[in-house]
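Undergrad: Next up, data02.cif (mmCIF, C-alpha atoms and all ligand atoms).
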```
data_target
loop_
_atom_site.label_atom_id
_atom_site.label_comp_id
_atom_site.auth_asym_id
_atom_site.auth_seq_id
_atom_site.Cartn_x
_atom_site.Cartn_y
_atom_site.Cartn_z
CA MET A 232 0.00 0.00 0.00
CA ASP A 233 1.39 3.43 -0.85
CA ARG A 234 1.48 6.42 1.50
CA GLU A 235 -1.75 8.00 0.22
CA ALA A 236 -3.71 4.74 0.48
CA ILE A 237 -2.47 4.16 4.04
CA ILE A 238 -3.47 7.72 4.97
CA GLU A 239 -6.98 7.30 3.52
CA SER A 240 -7.48 4.00 5.34
CA VAL A 241 -6.20 5.26 8.71
CA LYS A 242 -8.28 8.45 8.46
CA ALA A 243 -11.44 6.39 7.88
CA GLN A 244 -10.97 4.53 11.17
CA MET A 245 -11.06 7.48 13.52
CA PRO A 246 -13.03 10.64 14.32
CA GLU A 247 -11.95 13.92 12.72
CA ARG A 248 -10.31 15.28 15.90
CA ARG A 249 -8.10 12.19 16.20
CA TRP A 250 -7.09 12.51 12.55
CA LEU A 251 -6.00 16.11 13.33
CA HIS A 252 -3.86 14.67 16.16
CA VAL A 253 -2.30 12.13 13.77
CA GLN A 254 -1.48 14.92 11.30
CA GLY A 255 0.15 16.83 14.16
CA VAL A 256 2.23 13.77 15.10
CA MET A 257 3.24 13.32 11.42
CA ALA A 258 4.46 16.90 11.09
CA THR A 259 6.17 16.89 14.50
CA SER A 260 7.88 13.54 13.83
CA ILE A 261 9.37 14.94 10.62
CA ILE A 262 10.65 18.07 12.41
CA LEU A 263 12.16 16.05 15.27
CA ALA A 264 13.72 13.50 12.89
CA GLU A 265 15.40 16.30 10.95
CA ARG A 266 16.50 18.00 14.17
CA PHE A 267 18.02 14.91 15.78
CA GLY A 268 19.26 12.93 12.78
CA ALA A 269 16.67 10.19 12.21
CA ASP A 270 14.98 9.28 8.91
CA PRO A 271 11.98 11.64 8.44
CA VAL A 272 10.27 9.29 5.96
CA ARG A 273 10.25 6.39 8.41
CA ALA A 274 9.31 8.68 11.31
CA GLU A 275 6.32 9.97 9.34
CA LEU A 276 5.23 6.45 8.34
CA ALA A 277 5.23 5.33 11.99
CA ALA A 278 3.30 8.50 12.90
CA ILE A 279 0.64 7.86 10.23
CA LEU A 280 -0.08 4.41 11.66
CA HIS A 281 0.64 4.92 15.38
CA ASP A 282 -3.00 5.33 16.49
CA VAL A 283 -4.64 3.17 13.79
CA ALA A 284 -6.30 0.93 16.40
CA LYS A 285 -7.11 3.71 18.90
CA TYR A 286 -10.85 3.64 18.21
CA TRP A 287 -11.28 -0.07 17.73
CA PRO A 288 -13.71 -1.77 20.07
CA THR A 289 -11.97 -3.14 23.17
CA GLU A 290 -12.99 -6.70 22.32
CA ARG A 291 -11.37 -6.46 18.89
CA MET A 292 -8.07 -5.36 20.42
CA GLN A 293 -8.33 -7.98 23.14
CA ARG A 294 -8.89 -10.74 20.58
CA ILE A 295 -5.72 -9.76 18.73
CA ILE A 296 -3.69 -9.62 21.97
CA VAL A 297 -4.86 -13.14 22.84
CA ASP A 298 -4.91 -14.77 19.39
CA GLU A 299 -1.66 -13.28 18.14
CA GLN A 300 0.18 -13.87 21.39
CA LEU A 301 1.03 -10.27 22.11
CA PRO A 302 2.22 -9.74 25.72
CA GLN A 303 -0.66 -11.06 27.87
CA GLU A 304 0.27 -8.82 30.81
CA LEU A 305 -1.19 -5.91 28.79
CA LEU A 306 -4.63 -7.25 29.66
CA ALA A 307 -4.05 -6.50 33.36
CA TYR A 308 -3.24 -2.83 32.64
CA ASP A 309 -5.15 0.15 31.28
CA LYS A 310 -6.88 -0.52 27.95
CA GLU A 311 -5.36 2.77 26.73
CA LEU A 312 -2.11 0.83 26.31
CA TRP A 313 -3.53 -1.79 23.97
CA HIS A 314 -3.81 0.19 20.73
CA ALA A 315 -0.02 0.51 20.42
CA PRO A 316 1.01 -3.19 20.19
CA VAL A 317 -2.22 -3.95 18.32
CA GLY A 318 -1.43 -1.10 15.91
CA ALA A 319 2.04 -2.53 15.23
CA PHE A 320 0.51 -5.92 14.48
CA ILE A 321 -2.05 -4.37 12.12
CA ALA A 322 0.60 -2.21 10.41
CA GLU A 323 2.48 -5.37 9.50
CA ARG A 324 -0.45 -7.64 8.66
CA ASP A 325 -2.86 -5.24 6.96
CA TYR A 326 -0.61 -2.45 5.68
CA GLY A 327 2.38 -4.56 4.71
CA ILE A 328 4.90 -2.61 6.78
CA THR A 329 8.06 -4.71 7.05
CA ASP A 330 10.46 -2.11 8.48
CA ALA A 331 11.10 -3.43 12.01
CA GLU A 332 12.10 0.00 13.34
CA VAL A 333 8.86 1.55 12.11
CA LEU A 334 6.88 -1.31 13.65
CA GLU A 335 8.69 -0.92 16.99
CA ALA A 336 8.06 2.83 16.97
CA ILE A 337 4.33 2.07 16.69
CA ARG A 338 4.48 -0.78 19.24
CA TYR A 339 6.17 1.30 21.95
CA HIS A 340 4.72 4.76 21.27
CA THR A 341 2.52 4.67 24.38
CA SER A 342 4.54 2.79 26.99
CA GLY A 343 8.08 3.39 25.81
CA ARG A 344 10.57 0.68 26.77
CA GLU A 345 14.17 0.26 27.84
CA GLU A 346 16.71 0.80 25.04
CA MET A 347 14.45 2.80 22.73
CA SER A 348 15.85 3.57 19.27
CA LEU A 349 16.04 7.22 18.19
CA LEU A 350 13.04 6.63 15.91
CA GLU A 351 10.99 5.20 18.80
CA LYS A 352 11.88 8.18 20.99
CA ILE A 353 10.94 10.64 18.26
CA VAL A 354 7.48 9.17 17.60
CA CYS A 355 6.74 8.83 21.32
CA LEU A 356 7.85 12.44 21.88
CA ALA A 357 5.93 13.78 18.86
CA ASP A 358 2.84 12.08 20.29
CA TYR A 359 3.29 14.06 23.53
CA MET A 360 4.05 17.47 22.00
CA GLU A 361 2.22 17.80 18.64
CA PRO A 362 0.60 21.25 18.32
CA GLY A 363 -2.89 20.04 19.24
CA ARG A 364 -1.82 18.70 22.65
CA ASP A 365 -2.75 20.70 25.71
CA PHE A 366 -2.06 19.23 29.14
CA PRO A 367 -0.19 20.47 32.20
CA GLY A 368 3.53 20.41 31.39
CA VAL A 369 3.28 20.19 27.60
CA ASN A 370 5.16 23.46 27.08
CA ARG A 371 8.03 22.24 29.25
CA ILE A 372 8.23 19.15 26.98
CA ARG A 373 8.27 21.38 23.87
CA GLU A 374 11.05 23.54 25.35
CA GLU A 375 13.22 20.54 26.22
CA ALA A 376 12.62 19.16 22.70
CA GLU A 377 14.41 22.19 21.26
CA HIS A 378 17.70 20.61 22.31
CA SER A 379 17.28 17.11 23.81
CA VAL A 380 15.01 14.19 22.85
CA GLU A 381 15.93 12.47 26.11
CA LYS A 382 15.16 15.42 28.38
CA ALA A 383 11.89 16.04 26.58
CA LEU A 384 10.87 12.40 26.75
CA LEU A 385 11.73 12.27 30.45
CA ALA A 386 9.40 15.23 31.00
CA GLY A 387 6.75 13.36 28.99
CA PHE A 388 7.03 10.13 30.98
CA ASP A 389 6.98 12.14 34.20
CA SER A 390 3.73 13.80 33.18
CA THR A 391 2.17 10.41 32.34
CA ILE A 392 3.36 8.83 35.58
CA SER A 393 2.08 11.79 37.64
CA PHE A 394 -1.27 11.48 35.87
CA LEU A 395 -1.45 7.74 36.63
CA LEU A 396 -0.49 8.30 40.29
CA GLU A 397 -3.16 10.97 40.56
CA LYS A 398 -5.78 8.60 39.14
CA GLU A 399 -4.61 5.69 41.32
CA LYS A 400 -3.93 3.66 38.18
CA ARG A 401 -1.27 1.00 37.77
CA ILE A 402 1.92 1.98 35.95
CA PHE A 403 2.86 -0.40 33.15
CA PRO A 404 6.37 -1.76 33.92
CA LEU A 405 7.75 -0.74 30.49
CA THR A 406 6.99 2.91 31.27
CA VAL A 407 9.04 2.69 34.46
CA ALA A 408 11.82 0.88 32.57
CA ALA A 409 11.74 3.53 29.84
CA ARG A 410 12.05 6.37 32.36
CA ASN A 411 14.89 4.64 34.24
CA ALA A 412 16.79 4.01 30.99
CA ILE A 413 16.44 7.65 29.89
CA ILE A 414 17.76 8.92 33.22
CA LYS A 415 20.74 6.59 32.86
CA GLN A 416 21.37 7.91 29.33
CA LEU A 417 21.25 11.50 30.58
CA ARG A 418 23.99 10.97 33.17
O1 LIG B 1 -3.00 7.48 21.84
P1 LIG B 1 -2.72 8.87 22.33
O2 LIG B 1 -3.84 9.45 23.12
O3 LIG B 1 -2.28 9.77 21.23
O4 LIG B 1 -1.47 8.80 23.34
P2 LIG B 1 -0.76 7.51 23.95
O5 LIG B 1 -0.71 6.42 22.96
O6 LIG B 1 0.56 7.98 24.48
O7 LIG B 1 -1.73 7.05 25.13
C1 LIG B 1 -1.67 7.74 26.32
C2 LIG B 1 -2.67 7.20 27.29
O8 LIG B 1 -2.25 5.94 27.86
C3 LIG B 1 -2.78 8.18 28.44
O9 LIG B 1 -4.16 8.43 28.67
C4 LIG B 1 -2.17 7.45 29.60
C5 LIG B 1 -2.49 6.02 29.25
N1 LIG B 1 -1.74 5.04 30.04
C6 LIG B 1 -2.34 4.19 30.91
N2 LIG B 1 -1.44 3.47 31.56
C7 LIG B 1 -0.23 3.84 31.12
C8 LIG B 1 -0.42 4.84 30.14
N3 LIG B 1 0.61 5.41 29.51
C9 LIG B 1 1.86 4.98 29.84
N4 LIG B 1 2.91 5.50 29.20
N5 LIG B 1 2.09 4.03 30.80
C10 LIG B 1 1.08 3.44 31.48
O10 LIG B 1 1.31 2.60 32.37
FE FE B 2 -1.48 6.32 20.95
FE FE B 3 2.79 8.65 23.96
FE FE B 4 -1.21 9.46 19.43
#
```
Now that the file is in, can you turn its structure into structure tokens?

TA:
Amino acid sequence: MDREAIIESVKAQMPERRWLHVQGVMATSIILAERFGADPVRAELAAILHDVAKYWPTERMQRIIVDEQLPQELLAYDKELWHAPVGAFIAERDYGITDAEVLEAIRYHTSGREEMSLLEKIVCLADYMEPGRDFPGVNRIREEAEHSVEKALLAGFDSTISFLLEKEKRIFPLTVAARNAIIKQLR
């Protein structure tokens, strides 16, 4: 499937406001890739597909997690996490994406993980700071992103973790691992 066909298909699976978010993540991923030396074409492709499963019914995501043997521990955590690994699976199966780095950038865009590639960091960060985002701390993330992907991403993970603490929600272990790894890289 070519870029335009993927865009049309993704757009059709979400409400208009979410498509605006995806366009923001596409543009921001390109800017960050150019700023920090990653491939803007691959960054944009991951951005196009990153939220493809975001509006799928829960049961449809759950079936894929079970049937395709994605990490079963996901099922014990917030459903908000599910669309990322499910999206990576769908990008490969239904959109023919074979680039492992693009697939991993989709898979880990929500949770992060230890040892993230530059491309993974960029898509995860673009998701936090695209122009349509407005949450406490987003401007701090944008400021850090002027010079450091790692510092910006740390601010992003901190905002997510604070939010989860506030809501008395469980923190997915990969998010903790991602934050620890970033702090280590910053030392
Ligand atoms: O899909 P988006 O809304 O664009 O953004 P996202 O894929 O980063 O999803 C963020 C949501 O996931 C946000 O509402 C917080 C929620 N979430 C729930 N548990 C966790 C979590 N996010 C992380 N990183 N770690 C968690 O343990
Ligand atoms: Fe997402
Ligand atoms: Fe994210
Ligand atoms: Fe997103």

Undergrad: Do you know which residues are at most 10 Å from Gly363 in chain A counting all atoms listed in the file, after dropping those on the same chain fewer than 3 positions away, and could you put them as a PyMOL selection string?

TA: chain A and resi 248-249+251-256+358-360+366

Undergrad: Please save C-alpha atoms of the selected residues as a CSV table (one decimal), in the frame of the given file.

TA:
```csv
chain,number,residue,atom,x,y,z
A,248,ARG,CA,-10.3,15.3,15.9
A,249,ARG,CA,-8.1,12.2,16.2
A,251,LEU,CA,-6.0,16.1,13.3
A,252,HIS,CA,-3.9,14.7,16.2
A,253,VAL,CA,-2.3,12.1,13.8
A,254,GLN,CA,-1.5,14.9,11.3
A,255,GLY,CA,0.2,16.8,14.2
A,256,VAL,CA,2.2,13.8,15.1
A,358,ASP,CA,2.8,12.1,20.3
A,359,TYR,CA,3.3,14.1,23.5
A,360,MET,CA,4.0,17.5,22.0
A,366,PHE,CA,-2.1,19.2,29.1
```

Undergrad: Considering all atoms listed in the file, can you say which of A:Leu395, A:Val272, A:Ile261, A:Val283 comes closest to Met245 in chain A?

TA: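 Residue with the minimum atom-to-atom distance to Met245 in chain A: A:Val283.
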
Undergrad: Kindly work out which residues sit at most 12 Å from ligand FE 2 (chain B), using only C-alpha atoms and all ligand atoms, and give the list as a PDB file with C-alpha atoms, in the coordinates of the input.

TA:
```
ATOM      1  CA  ARG A 249      -8.100  12.190  16.200  1.00  0.00           C
ATOM      2  CA  TRP A 250      -7.090  12.510  12.550  1.00  0.00           C
ATOM      3  CA  HIS A 252      -3.860  14.670  16.160  1.00  0.00           C
ATOM      4  CA  VAL A 253      -2.300  12.130  13.770  1.00  0.00           C
ATOM      5  CA  VAL A 256       2.230  13.770  15.100  1.00  0.00           C
ATOM      6  CA  ALA A 277       5.230   5.330  11.990  1.00  0.00           C
ATOM      7  CA  ALA A 278       3.300   8.500  12.900  1.00  0.00           C
ATOM      8  CA  ILE A 279       0.640   7.860  10.230  1.00  0.00           C
ATOM      9  CA  LEU A 280      -0.080   4.410  11.660  1.00  0.00           C
ATOM     10  CA  HIS A 281       0.640   4.920  15.380  1.00  0.00           C
ATOM     11  CA  ASP A 282      -3.000   5.330  16.490  1.00  0.00           C
ATOM     12  CA  VAL A 283      -4.640   3.170  13.790  1.00  0.00           C
ATOM     13  CA  ALA A 284      -6.300   0.930  16.400  1.00  0.00           C
ATOM     14  CA  LYS A 285      -7.110   3.710  18.900  1.00  0.00           C
ATOM     15  CA  TYR A 286     -10.850   3.640  18.210  1.00  0.00           C
ATOM     16  CA  LYS A 310      -6.880  -0.520  27.950  1.00  0.00           C
ATOM     17  CA  GLU A 311      -5.360   2.770  26.730  1.00  0.00           C
ATOM     18  CA  LEU A 312      -2.110   0.830  26.310  1.00  0.00           C
ATOM     19  CA  TRP A 313      -3.530  -1.790  23.970  1.00  0.00           C
ATOM     20  CA  HIS A 314      -3.810   0.190  20.730  1.00  0.00           C
ATOM     21  CA  ALA A 315      -0.020   0.510  20.420  1.00  0.00           C
ATOM     22  CA  PRO A 316       1.010  -3.190  20.190  1.00  0.00           C
ATOM     23  CA  VAL A 317      -2.220  -3.950  18.320  1.00  0.00           C
ATOM     24  CA  GLY A 318      -1.430  -1.100  15.910  1.00  0.00           C
ATOM     25  CA  ALA A 319       2.040  -2.530  15.230  1.00  0.00           C
ATOM     26  CA  ALA A 336       8.060   2.830  16.970  1.00  0.00           C
ATOM     27  CA  ILE A 337       4.330   2.070  16.690  1.00  0.00           C
ATOM     28  CA  ARG A 338       4.480  -0.780  19.240  1.00  0.00           C
ATOM     29  CA  TYR A 339       6.170   1.300  21.950  1.00  0.00           C
ATOM     30  CA  HIS A 340       4.720   4.760  21.270  1.00  0.00           C
ATOM     31  CA  THR A 341       2.520   4.670  24.380  1.00  0.00           C
ATOM     32  CA  SER A 342       4.540   2.790  26.990  1.00  0.00           C
ATOM     33  CA  GLY A 343       8.080   3.390  25.810  1.00  0.00           C
ATOM     34  CA  VAL A 354       7.480   9.170  17.600  1.00  0.00           C
ATOM     35  CA  CYS A 355       6.740   8.830  21.320  1.00  0.00           C
ATOM     36  CA  LEU A 356       7.850  12.440  21.880  1.00  0.00           C
ATOM     37  CA  ALA A 357       5.930  13.780  18.860  1.00  0.00           C
ATOM     38  CA  ASP A 358       2.840  12.080  20.290  1.00  0.00           C
ATOM     39  CA  TYR A 359       3.290  14.060  23.530  1.00  0.00           C
TER      40      TYR A 359
END
```

Undergrad: Using all atoms listed in the file, which residues sit within 12 Å of Lys400 in chain A once same-chain residues fewer than 3 positions away are excluded, as a PyMOL selection string?

TA: chain A and resi 307-311+391-397+403

Undergrad: Provide the CA of Glu265 in chain A to CA of Thr406 in chain A distance in Å, to one decimal place.

TA: 25.7 Å

Undergrad: Can you work out the spacing between CA of Glu275 in chain A and CA of Asp233 in chain A in Å, to one decimal?

TA: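 Separation between CA of Glu275 in chain A and CA of Asp233 in chain A: 13.1 Å.
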
Undergrad: Padding 3 Å on each side, edges along x, y and z: where is the centre of the box around the listed atoms of ligand LIG 1 (chain B), and how long are its edges in Å to one decimal? Output it as lines of an AutoDock Vina configuration file.

TA:
```
center_x = -0.6
center_y = 6.2
center_z = 26.8
size_x = 13.1
size_y = 13.2
size_z = 17.1
```

Undergrad: Of the residues A:Met257, A:Ala243, A:Ala412, A:Ile372, which is the one nearest to ligand FE 4 (chain B), using only C-alpha atoms and all ligand atoms?

TA: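 The answer is A:Met257, which sits nearest to ligand FE 4 (chain B).
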
Undergrad: Compare A:Ile295, A:Ser260, A:Leu349, A:Phe320 by their minimum atom-to-atom distance to ligand FE 4 (chain B), counting all atoms listed in the file, and give me the closest one.

TA: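 Checking each candidate against ligand FE 4 (chain B), we get A:Ser260 as the closest.
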
Undergrad: Any idea what the distance is between CA of Lys242 in chain A and atom N5 of ligand LIG 1 (chain B)?

TA: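 So the two atoms, CA of Lys242 in chain A and atom N5 of ligand LIG 1 (chain B), lie 25.0 Å apart.
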
Undergrad: Looking at only C-alpha atoms, which of A:Ile402, A:Ala376, A:Leu417, A:Ala331 is the one that sits closest to Leu305 in chain A?

TA: A:Ile402

Undergrad: Which one of A:Asp330, A:Asp389, A:Glu361, A:Glu375 sits closest to ligand FE 4 (chain B) if you count all atoms listed in the file?

TA: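 Selected residue with least distance to ligand FE 4 (chain B): A:Glu361.
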
Undergrad: What's around Arg418 in chain A at 12 Å? Count all atoms listed in the file, leave out sequence neighbours fewer than 6 positions away in its own chain, and write the answer as a PyMOL selection string.

TA: chain A and resi 381-382+411-412

Undergrad: My structure is short of atoms at range 250-273 of chain A; please model N, CA and C atoms there, returning them as a tab-separated table (two decimals), in the frame of the given file.

TA:
```tsv
chain	number	residue	atom	x	y	z
A	250	TRP	N	-7.87	12.38	13.78
A	250	TRP	CA	-7.09	12.51	12.55
A	250	TRP	C	-6.24	13.80	12.59
A	251	LEU	N	-6.79	14.87	13.16
A	251	LEU	CA	-6.00	16.11	13.33
A	251	LEU	C	-4.79	15.84	14.22
A	252	HIS	N	-4.99	15.05	15.28
A	252	HIS	CA	-3.86	14.67	16.16
A	252	HIS	C	-2.80	13.89	15.36
A	253	VAL	N	-3.24	12.94	14.55
A	253	VAL	CA	-2.30	12.13	13.77
A	253	VAL	C	-1.51	13.03	12.81
A	254	GLN	N	-2.20	13.99	12.18
A	254	GLN	CA	-1.48	14.92	11.30
A	254	GLN	C	-0.45	15.74	12.07
A	255	GLY	N	-0.80	16.12	13.30
A	255	GLY	CA	0.15	16.83	14.16
A	255	GLY	C	1.36	15.96	14.49
A	256	VAL	N	1.11	14.69	14.77
A	256	VAL	CA	2.23	13.77	15.10
A	256	VAL	C	3.10	13.54	13.85
A	257	MET	N	2.46	13.47	12.67
A	257	MET	CA	3.24	13.32	11.42
A	257	MET	C	4.19	14.50	11.24
A	258	ALA	N	3.64	15.71	11.32
A	258	ALA	CA	4.46	16.90	11.09
A	258	ALA	C	5.56	17.04	12.15
A	259	THR	N	5.20	16.76	13.40
A	259	THR	CA	6.17	16.89	14.50
A	259	THR	C	7.26	15.82	14.40
A	260	SER	N	6.88	14.62	13.99
A	260	SER	CA	7.88	13.54	13.83
A	260	SER	C	8.91	13.91	12.76
A	261	ILE	N	8.44	14.53	11.68
A	261	ILE	CA	9.37	14.94	10.62
A	261	ILE	C	10.34	16.00	11.15
A	262	ILE	N	9.79	16.99	11.85
A	262	ILE	CA	10.65	18.07	12.41
A	262	ILE	C	11.68	17.49	13.37
A	263	LEU	N	11.24	16.62	14.27
A	263	LEU	CA	12.16	16.05	15.27
A	263	LEU	C	13.20	15.14	14.61
A	264	ALA	N	12.78	14.38	13.59
A	264	ALA	CA	13.72	13.50	12.89
A	264	ALA	C	14.81	14.34	12.23
A	265	GLU	N	14.41	15.43	11.61
A	265	GLU	CA	15.40	16.30	10.95
A	265	GLU	C	16.31	16.96	11.99
A	266	ARG	N	15.73	17.33	13.12
A	266	ARG	CA	16.50	18.00	14.17
A	266	ARG	C	17.53	17.06	14.80
A	267	PHE	N	17.16	15.81	15.00
A	267	PHE	CA	18.02	14.91	15.78
A	267	PHE	C	18.68	13.81	14.95
A	268	GLY	N	18.50	13.84	13.64
A	268	GLY	CA	19.26	12.93	12.78
A	268	GLY	C	18.65	11.56	12.58
A	269	ALA	N	17.32	11.46	12.58
A	269	ALA	CA	16.67	10.19	12.21
A	269	ALA	C	16.08	10.36	10.80
A	270	ASP	N	15.53	9.27	10.26
A	270	ASP	CA	14.98	9.28	8.91
A	270	ASP	C	13.55	9.84	8.95
A	271	PRO	N	13.32	11.03	8.37
A	271	PRO	CA	11.98	11.64	8.44
A	271	PRO	C	10.90	10.82	7.73
A	272	VAL	N	11.27	10.09	6.70
A	272	VAL	CA	10.27	9.29	5.96
A	272	VAL	C	9.75	8.15	6.84
A	273	ARG	N	10.66	7.49	7.53
A	273	ARG	CA	10.25	6.39	8.41
A	273	ARG	C	9.53	6.93	9.65
```
